[in-house]
Every structure is written in C-alpha cells, then in structure tokens.
2 protein chains.
Amino acid sequence: MSDLHYTVGVIGLGLIGGSMALDLKRRGFAREVLGVEQDPVAAEAAKTIGLVDEVVPYEDCINRADIIVVAVPVGAAVKMVPDILNHFGEEEKIVIDVCSTKSQICHATQYHPRRAQFVSTHPMAGTEYSGPWAAQPGLFDGRACIFANSEESSPKALKTIEELYAVLNMRPIYMNADQHDVHTAYVSHISHVTSFALALTVLDKEKDEKHIFDLASGGFSSTVRLAKSNADMWVPILSQNHDNILHVMDTYINKMQQFRDAIATYDEAKIRELIQEANRIKKILR
Amino acid sequence: MSDLHYTVGVIGLGLIGGSMALDLKRRGFAREVLGVEQDPVAAEAAKTIGLVDEVVPYEDCINRADIIVVAVPVGAAVKMVPDILNHFGEEEKIVIDVCSTKSQICHATQYHPRRAQFVSTHPMAGTEYSGPWAAQPGLFDGRACIFANSEESSPKALKTIEELYAVLNMRPIYMNADQHDVHTAYVSHISHVTSFALALTVLDKEKDEKHIFDLASGGFSSTVRLAKSNADMWVPILSQNHDNILHVMDTYINKMQQFRDAIATYDEAKIRELIQEANRIKKILR
C-alpha cells in the first residue's frame, strides 16, 4: 500500500466526498487532499472542519491531483468525467466516480480515448444526511464497493483504485454496470421511494390531525428515515435508473395491492400468508 | 409508589408481556409475577430466563393476581378481557390489555358490568422480535403509553395502572380509542405494511438473481426491518384496524403512483417537488 504518495483531488465535498477525503488523508493514502466545491458555504465549512488541505478551482485540481474523485450528483458526474478525461495529457492520472447509478456514466465514457484512466465505482455506504457537515471518518469500513465494468479500466489504474478502497476497508465486488443498476434498484432505490411516499402520506394526515407524531415509535422512524434524503442526489438517480425503478415500483405497488385486497376482504389467511412470506427476509438480514 | 405490594399476572409471555414482567418485579412494583403461557416451549423458556416467578394455569392466575396484564394478540385479547371480568368477584382486581388496536376491545367491554376494573392501554414500545427470548429490561423507558377511554375505568383502577406505567418510566397520553386507531394506522401500522411489501418485492426478485443481497446497505435494512414482525400479532391488528388501514394504504398507493408517473415521464421538477415535500419529515423526527 502506498504511503503518503498521492495527491488526491475530491470534487464535491459532501457526505461521500468529504468522508473519503478524511480517511484517505488520515490513513496515509494521500499525501495531500485538494477539494473542489462550488457552494461557497460548503467550501468554507469543508476548510473549517479540515476535510481537505486546500480548496482549489476545478482546473487546478485536475492539473495537480494524481487521482481525482468525482463525488457530485450523478447528473453532473455524467458530464464531468468525460470533461476531466479530456483534460488528461500523457501523464497517468486517474479519475473515479462514486455514483449510485452506473449504466449511464459507463455508457457516456465507453468510447472515450482515455477510458482506461477512468475507474467507475460505487462505495455502498452513506447516511440520510448530506453536505460537508455529514462527513465522518470510518464511513466506509466493512462495506461493499462495486467496481462497474472494471475491464474497461487499465490494469494499473484499477490496481491503484483497489488500493484506495482497501485503505477505506471496503470489500470489492465486480459487476457489469447494467446489472449493478438492476440490483441497486431493488436493494437501495426502492427503499428511498417507499420512505418518501410514507413521509408524504403521514405529512398529509398531519395537516388535520395535530400531535399525530406524539405516537411515532421506533418502527416508524426507521421506516421513514430515508425520506430525509437529499433531492439533489436522488432526482438524477431516480431519473437515470428509470427503467429498473419503474419495474421494481410496479412489483411493489402490486404487492401493496395484494395486501389491500386481503385486508379489504377480511381474508386473514391471505394476510398471514403474505406476512409469513415477507418474514423470509430474516434469513437475509443479520 | 407501592413497594412489593401487588401480585401481577401476565398472560402471554412474549416480547411485551415478558418485558413488563421483568421490570415490574425488578423495580419493586410486583411482589410476585405469575405467568400464563399456552405454548409449552415458550412457557419453559420464560421460566428458564426467569421472566416470572411461576407459570400457572389461566384460572389460577385470575384467582391469585391483583393485576392481570393481557399480553396476547389482539384477536384473542378481545375475547379474553371480558372473560376475565366475568371471573372477578367483589374484590378490587384490575385487568389491563396492552394491544396495538383499541377500538374493538373498548367496544367489546363497554357495557360489561365490571368495565370499571378494566384499563385499556397501549405501551408504545417494541422490537421486530417476538417470544420470551425477545423480552428485555428497560424496553419501555422513556416511551409513550396510551390510555384509551380511561374515563370508563374507575379512578382507583386508573391510578394503580398509572403507577404501574410510571414504574416502567412511560409517558402517559390519554386518548379516545377510535382516535388512537386512526393515529397508529399512520405512525405504526402502515410502516409495517410497507416493510412487508418491500420484503416481498425483493424476495421475488431474488428468485432469479442470486447474490442480490450482497448489495443491501444500511438504508435497505432499516426500511425492511419491520418485515420480520410476527404474523400472529399483525394479522389481527391489520384485520381489526381495517377501515383506518385501508384509508392510509389508499393515500400511500396514490403517493407511490404520483412518484411512478413523475419518473415514467422524466418529470424531474415533479420528482424534486415530491422529495422536498417528503423531506419535511425532518422537522418531526429527531
């Protein structure tokens, strides 16, 4: 593992970018961490908190960094990664993205002449909070990191980024970008949509029933937690992963409808069957 | 607060009954705790774990206990509470229930000649686990306890049960039974249904996609956690709270449909509006 070797540039000093910046510096992977942040309040906070050594303009970051981490919402990242590759000269710089959808960004870079210097990853960690204030050390420890279409990266670039994620204590999983987007629709994106819908449902009711939240218990809080998630991040995810999300949502709405019908007809045997089938999730969750 | 005063009988030694038994004895409210448990394996476990002093037959419990806690699923409780009241003689025994729906049990006892000796409560605490193995000390500390239709209980019985919940460190809230069932449909029951539906959706997909759960992150786990909940408990809740649950489910399905339509038409402005509206849940959750 390289010691104090790289200058790492992090573009987007939010939860993910900020947390990576912290641990890559503290754990000696980065000699220096440069940050790029277009929101001046967030930029100032990132400096005050000490997430990065220096906040620099976008072009300076590309010029000075050996490894550039693109940690902006996926709609912006899809344009930014090819632009960064366009800036690369003969030196062996690497750019990575950390977005939650992988198909579109992999397709957008597929035929780029410097594609080999791009490594597309999805470190599967996070919280429902956002911004530099949400960054925390150890966020990635023990979690999975997806490498999407890794055969399109040069072996040397891939190895360097594998080292980077090893420093973050992440478990690598290699996967086709399209397959990744199917899987995350099921085990991440739908959870967010169901939480948003739950929050909307309850907030609607609150308009005419004050004090309804006096009764909110731990179960409600955990189910609705993801509804705090940031629109800037989630609008492009839901929009980009359009086909997969719609497919999962249709299955989900169908399951809700089955429950509704069973309850509406007092069919307790059917309610029991649905719950017991759902209970099989126990074998999966630890 | 009474010290080592009461013999408390707990019928149903699961998560709630078992946890109450533990703390009422440890904190000196109960001189003796008798348990009734029809499942012999659970009964044996309750004795081994030490949840109760003695496991006794149903009739013995009614005869010997000063306060009887009915902690069985709500379908059974609706029949059991009137039956226990039928057994009461001139002595000032009290029976309480701890069920998650309150309308039906309050209606079923409304005109009972001994109604004043019944206190209907809903201690709002729990986990997704069940059985005597799930019982834990401190489960109720700091949570809310609903007293439903408390004006139908005698002041003396009510005062004794207020003391009981004070020992469990619960915050009392007084509420009409029907109102309770509307509120819990929103802040508890719907969360369970959405978790069950999410589990069913993902388990369906798992049939043809192995390893899908390698990618499950903390967000998914927290959203789907309630899907582990026990059918014996939840079938009668969903069935009894029929009208309220259907009303909430219809609102919820409508919200999901709004999301679906916005995603299907790539209407990013609408997706953003829905997410930002859902984000208002932040002001409620701490």
# chains A, B, ... in the order shown; residues from 1 in each chain; ligands from 1
>>> select_by_dssp(residues="range 55-275 of chain B", states="helix (DSSP H, G or I)", output="PyMOL selection string")
chain B and resi 58-64+74-87+103-109+115-117+132-134+150-152+155-167+177-206+212-215+218-228+231-240+242-264+268-275
>>> write_last_selection(atoms="C-alpha atoms", output="short mmCIF file (atom, residue, chain, number, x, y, z; two decimals), in the first residue's frame")
data_model
loop_
_atom_site.label_atom_id
_atom_site.label_comp_id
_atom_site.auth_asym_id
_atom_site.auth_seq_id
_atom_site.Cartn_x
_atom_site.Cartn_y
_atom_site.Cartn_z
CA TYR B 58 -55.16 -19.28 33.39
CA GLU B 59 -57.78 -19.69 36.14
CA ASP B 60 -55.15 -19.75 38.89
CA CYS B 61 -53.67 -16.55 37.54
CA ILE B 62 -57.04 -14.80 37.68
CA ASN B 63 -57.65 -16.09 41.20
CA ARG B 64 -54.27 -15.17 42.64
CA VAL B 74 -55.46 -8.59 19.90
CA GLY B 75 -57.83 -11.13 18.33
CA ALA B 76 -57.56 -13.31 21.43
CA ALA B 77 -57.48 -10.37 23.84
CA VAL B 78 -60.88 -9.13 22.68
CA LYS B 79 -62.41 -12.36 23.99
CA MET B 80 -60.14 -12.80 26.99
CA VAL B 81 -60.66 -9.44 28.73
CA PRO B 82 -64.48 -9.85 29.07
CA ASP B 83 -63.93 -13.43 30.22
CA ILE B 84 -61.53 -12.27 32.93
CA LEU B 85 -64.01 -9.58 34.02
CA ASN B 86 -66.64 -12.35 34.26
CA HIS B 87 -64.40 -14.18 36.73
CA SER B 103 -61.48 0.37 19.32
CA GLN B 104 -62.64 -3.22 19.20
CA ILE B 105 -61.52 -4.16 22.71
CA CYS B 106 -63.08 -0.99 24.16
CA HIS B 107 -66.33 -1.62 22.31
CA ALA B 108 -66.40 -5.29 23.39
CA THR B 109 -66.17 -4.32 27.07
CA ARG B 115 -65.93 -2.38 32.96
CA ALA B 116 -64.56 -0.06 35.66
CA GLN B 117 -62.00 -2.72 36.60
CA PRO B 132 -39.94 -14.72 25.66
CA TRP B 133 -36.43 -14.67 24.13
CA ALA B 134 -37.11 -11.14 22.90
CA SER B 150 -59.72 5.98 30.53
CA GLU B 151 -62.92 7.67 31.77
CA GLU B 152 -64.57 4.24 31.61
CA PRO B 155 -60.43 6.34 39.25
CA LYS B 156 -58.81 3.89 41.65
CA ALA B 157 -58.03 1.29 38.99
CA LEU B 158 -56.74 4.01 36.67
CA LYS B 159 -54.48 5.41 39.38
CA THR B 160 -52.99 1.98 40.10
CA ILE B 161 -52.22 1.40 36.41
CA GLU B 162 -50.79 4.91 36.06
CA GLU B 163 -48.42 3.91 38.87
CA LEU B 164 -47.58 0.68 37.05
CA TYR B 165 -46.57 2.60 33.90
CA ALA B 166 -44.74 5.23 35.96
CA VAL B 167 -42.58 2.37 37.26
CA ALA B 177 -59.92 4.53 21.42
CA ASP B 178 -61.13 5.33 17.92
CA GLN B 179 -58.74 8.25 17.64
CA HIS B 180 -55.90 6.02 18.80
CA ASP B 181 -56.60 3.60 15.98
CA VAL B 182 -56.52 6.36 13.37
CA HIS B 183 -53.19 7.66 14.68
CA THR B 184 -51.49 4.29 14.96
CA ALA B 185 -52.63 3.39 11.44
CA TYR B 186 -50.50 6.35 10.31
CA VAL B 187 -47.46 6.14 12.54
CA SER B 188 -47.16 2.40 13.06
CA HIS B 189 -49.41 0.07 11.08
CA ILE B 190 -48.69 1.50 7.61
CA SER B 191 -44.92 1.24 8.30
CA HIS B 192 -45.34 -2.47 8.84
CA VAL B 193 -47.34 -2.96 5.65
CA THR B 194 -44.80 -1.02 3.57
CA SER B 195 -41.98 -3.12 5.04
CA PHE B 196 -43.81 -6.36 4.33
CA ALA B 197 -44.44 -5.24 0.73
CA LEU B 198 -40.80 -4.24 0.30
CA ALA B 199 -39.60 -7.61 1.56
CA LEU B 200 -41.99 -9.42 -0.78
CA THR B 201 -40.81 -7.32 -3.74
CA VAL B 202 -37.13 -8.00 -3.13
CA LEU B 203 -37.61 -11.68 -2.27
CA ASP B 204 -39.50 -12.10 -5.55
CA LYS B 205 -36.54 -10.74 -7.48
CA GLU B 206 -34.12 -12.90 -5.53
CA ILE B 212 -28.74 -9.55 -4.77
CA PHE B 213 -28.37 -9.10 -1.03
CA ASP B 214 -24.61 -8.65 -1.24
CA LEU B 215 -25.54 -5.09 -2.10
CA GLY B 218 -27.96 0.09 5.88
CA GLY B 219 -30.79 2.01 4.24
CA PHE B 220 -32.44 -1.14 2.97
CA SER B 221 -32.03 -2.92 6.31
CA SER B 222 -33.70 -0.15 8.24
CA THR B 223 -36.57 0.22 5.78
CA VAL B 224 -37.28 -3.52 5.67
CA ARG B 225 -36.63 -4.25 9.35
CA LEU B 226 -40.29 -4.37 10.36
CA ALA B 227 -40.92 -7.10 7.79
CA LYS B 228 -39.56 -9.54 10.37
CA ALA B 231 -47.87 -12.80 11.82
CA ASP B 232 -49.72 -13.86 14.99
CA MET B 233 -49.50 -10.30 16.22
CA TRP B 234 -50.05 -8.47 12.95
CA VAL B 235 -52.88 -10.39 11.26
CA PRO B 236 -55.44 -9.34 13.90
CA ILE B 237 -54.12 -5.76 14.05
CA LEU B 238 -54.50 -5.27 10.30
CA SER B 239 -57.81 -7.02 10.34
CA GLN B 240 -59.22 -5.09 13.34
CA HIS B 242 -59.43 -2.44 8.77
CA ASP B 243 -61.05 0.90 7.89
CA ASN B 244 -58.19 3.11 9.06
CA ILE B 245 -55.52 0.93 7.45
CA LEU B 246 -57.33 0.85 4.11
CA HIS B 247 -57.68 4.61 4.17
CA VAL B 248 -53.96 5.10 4.83
CA MET B 249 -52.99 2.47 2.26
CA ASP B 250 -55.05 4.20 -0.39
CA THR B 251 -53.33 7.51 0.32
CA TYR B 252 -49.98 5.72 0.26
CA ILE B 253 -50.61 3.89 -3.01
CA ASN B 254 -51.68 7.20 -4.50
CA LYS B 255 -48.38 8.82 -3.43
CA MET B 256 -46.43 5.91 -4.94
CA GLN B 257 -48.42 6.35 -8.13
CA GLN B 258 -47.52 10.07 -8.23
CA PHE B 259 -43.85 9.14 -7.93
CA ARG B 260 -44.25 6.48 -10.60
CA ASP B 261 -45.86 8.90 -13.02
CA ALA B 262 -43.20 11.56 -12.43
CA ILE B 263 -40.41 9.04 -13.03
CA ALA B 264 -42.17 7.49 -16.04
CA GLU B 268 -37.59 15.85 -12.75
CA ALA B 269 -39.28 19.01 -11.43
CA LYS B 270 -42.13 16.90 -10.04
CA ILE B 271 -39.75 14.28 -8.56
CA ARG B 272 -37.86 17.10 -6.85
CA GLU B 273 -41.09 18.60 -5.52
CA LEU B 274 -42.20 15.26 -4.07
CA ILE B 275 -38.82 14.60 -2.43
#
>>> residues_around(residues="Phe147 in chain B", least_positions_apart="2", cutoff="7 Å", atoms="only C-alpha atoms", output="number ranges by chain")
B: 120-122, 145, 149-150, 172-175
>>> write_last_selection(atoms="N, CA and C atoms", output="PDB file, in the first residue's frame")
ATOM      1  N   SER B 120     -57.570   0.060  29.604  1.00  0.00           N
ATOM      2  CA  SER B 120     -57.096  -0.307  28.270  1.00  0.00           C
ATOM      3  C   SER B 120     -55.901   0.564  27.897  1.00  0.00           C
ATOM      4  N   THR B 121     -54.769  -0.071  27.633  1.00  0.00           N
ATOM      5  CA  THR B 121     -53.527   0.690  27.420  1.00  0.00           C
ATOM      6  C   THR B 121     -52.780   0.194  26.186  1.00  0.00           C
ATOM      7  N   HIS B 122     -51.941   1.039  25.678  1.00  0.00           N
ATOM      8  CA  HIS B 122     -51.047   0.643  24.589  1.00  0.00           C
ATOM      9  C   HIS B 122     -49.662   1.226  24.859  1.00  0.00           C
ATOM     10  N   CYS B 145     -47.131   5.800  26.594  1.00  0.00           N
ATOM     11  CA  CYS B 145     -48.169   4.791  26.816  1.00  0.00           C
ATOM     12  C   CYS B 145     -49.541   5.451  26.659  1.00  0.00           C
ATOM     13  N   ASN B 149     -59.843   5.533  26.346  1.00  0.00           N
ATOM     14  CA  ASN B 149     -61.144   5.627  27.024  1.00  0.00           C
ATOM     15  C   ASN B 149     -60.999   5.479  28.541  1.00  0.00           C
ATOM     16  N   SER B 150     -60.034   6.195  29.115  1.00  0.00           N
ATOM     17  CA  SER B 150     -59.717   5.982  30.532  1.00  0.00           C
ATOM     18  C   SER B 150     -60.860   6.408  31.450  1.00  0.00           C
ATOM     19  N   PRO B 172     -47.563   9.020  30.001  1.00  0.00           N
ATOM     20  CA  PRO B 172     -48.959   8.697  29.689  1.00  0.00           C
ATOM     21  C   PRO B 172     -49.572   9.693  28.699  1.00  0.00           C
ATOM     22  N   ILE B 173     -50.362   9.173  27.757  1.00  0.00           N
ATOM     23  CA  ILE B 173     -51.148  10.016  26.848  1.00  0.00           C
ATOM     24  C   ILE B 173     -52.573   9.468  26.895  1.00  0.00           C
ATOM     25  N   TYR B 174     -53.551  10.352  27.059  1.00  0.00           N
ATOM     26  CA  TYR B 174     -54.938   9.915  27.187  1.00  0.00           C
ATOM     27  C   TYR B 174     -55.654  10.178  25.873  1.00  0.00           C
ATOM     28  N   MET B 175     -56.400   9.204  25.402  1.00  0.00           N
ATOM     29  CA  MET B 175     -56.941   9.331  24.059  1.00  0.00           C
ATOM     30  C   MET B 175     -58.183   8.451  23.901  1.00  0.00           C
TER      31      MET B 175
END
>>> atom_distance(atom1="CA of Lys207 in chain B", atom2="CA of Asn176 in chain A")
19.5 Å
>>> residues_around(residues="Ser229 in chain B", least_positions_apart="5", cutoff="7 Å", atoms="only C-alpha atoms", output="list in words")
Asn279 of chain A; Glu128 and Tyr129 of chain B
>>> closest_residue(among="B:Leu168, B:Ile146, B:Ile94, B:Val33", to="chain A", atoms="only C-alpha atoms")
B:Ile146
>>> select_by_dssp(residues="range 88-267 of chain B", states="strand (DSSP E)", output="list of chain:residue names")
B:Ile94, B:Val95, B:Ile96, B:Asp97, B:Phe118, B:Val119, B:Ser120, B:Thr121, B:His122, B:Pro123, B:Ala144, B:Cys145, B:Ile146, B:Phe147, B:Ala148, B:Arg171, B:Pro172, B:Ile173, B:Tyr174, B:Met175
>>> residues_around(residues="range 20-29 of chain B", least_positions_apart="6", cutoff="9 Å", atoms="only C-alpha atoms", output="list in words")
Met1, Ser2, Asp3, Leu4, His5, Tyr6, Thr7, Val8, Gly9, Val10, Leu13, Gly35, Gly50, Leu51, Val52, Val69, Ala135, Gln136, Pro137, Gly138, Leu139, Phe140, Glu163, Leu164, Val167 and Leu168 of chain B
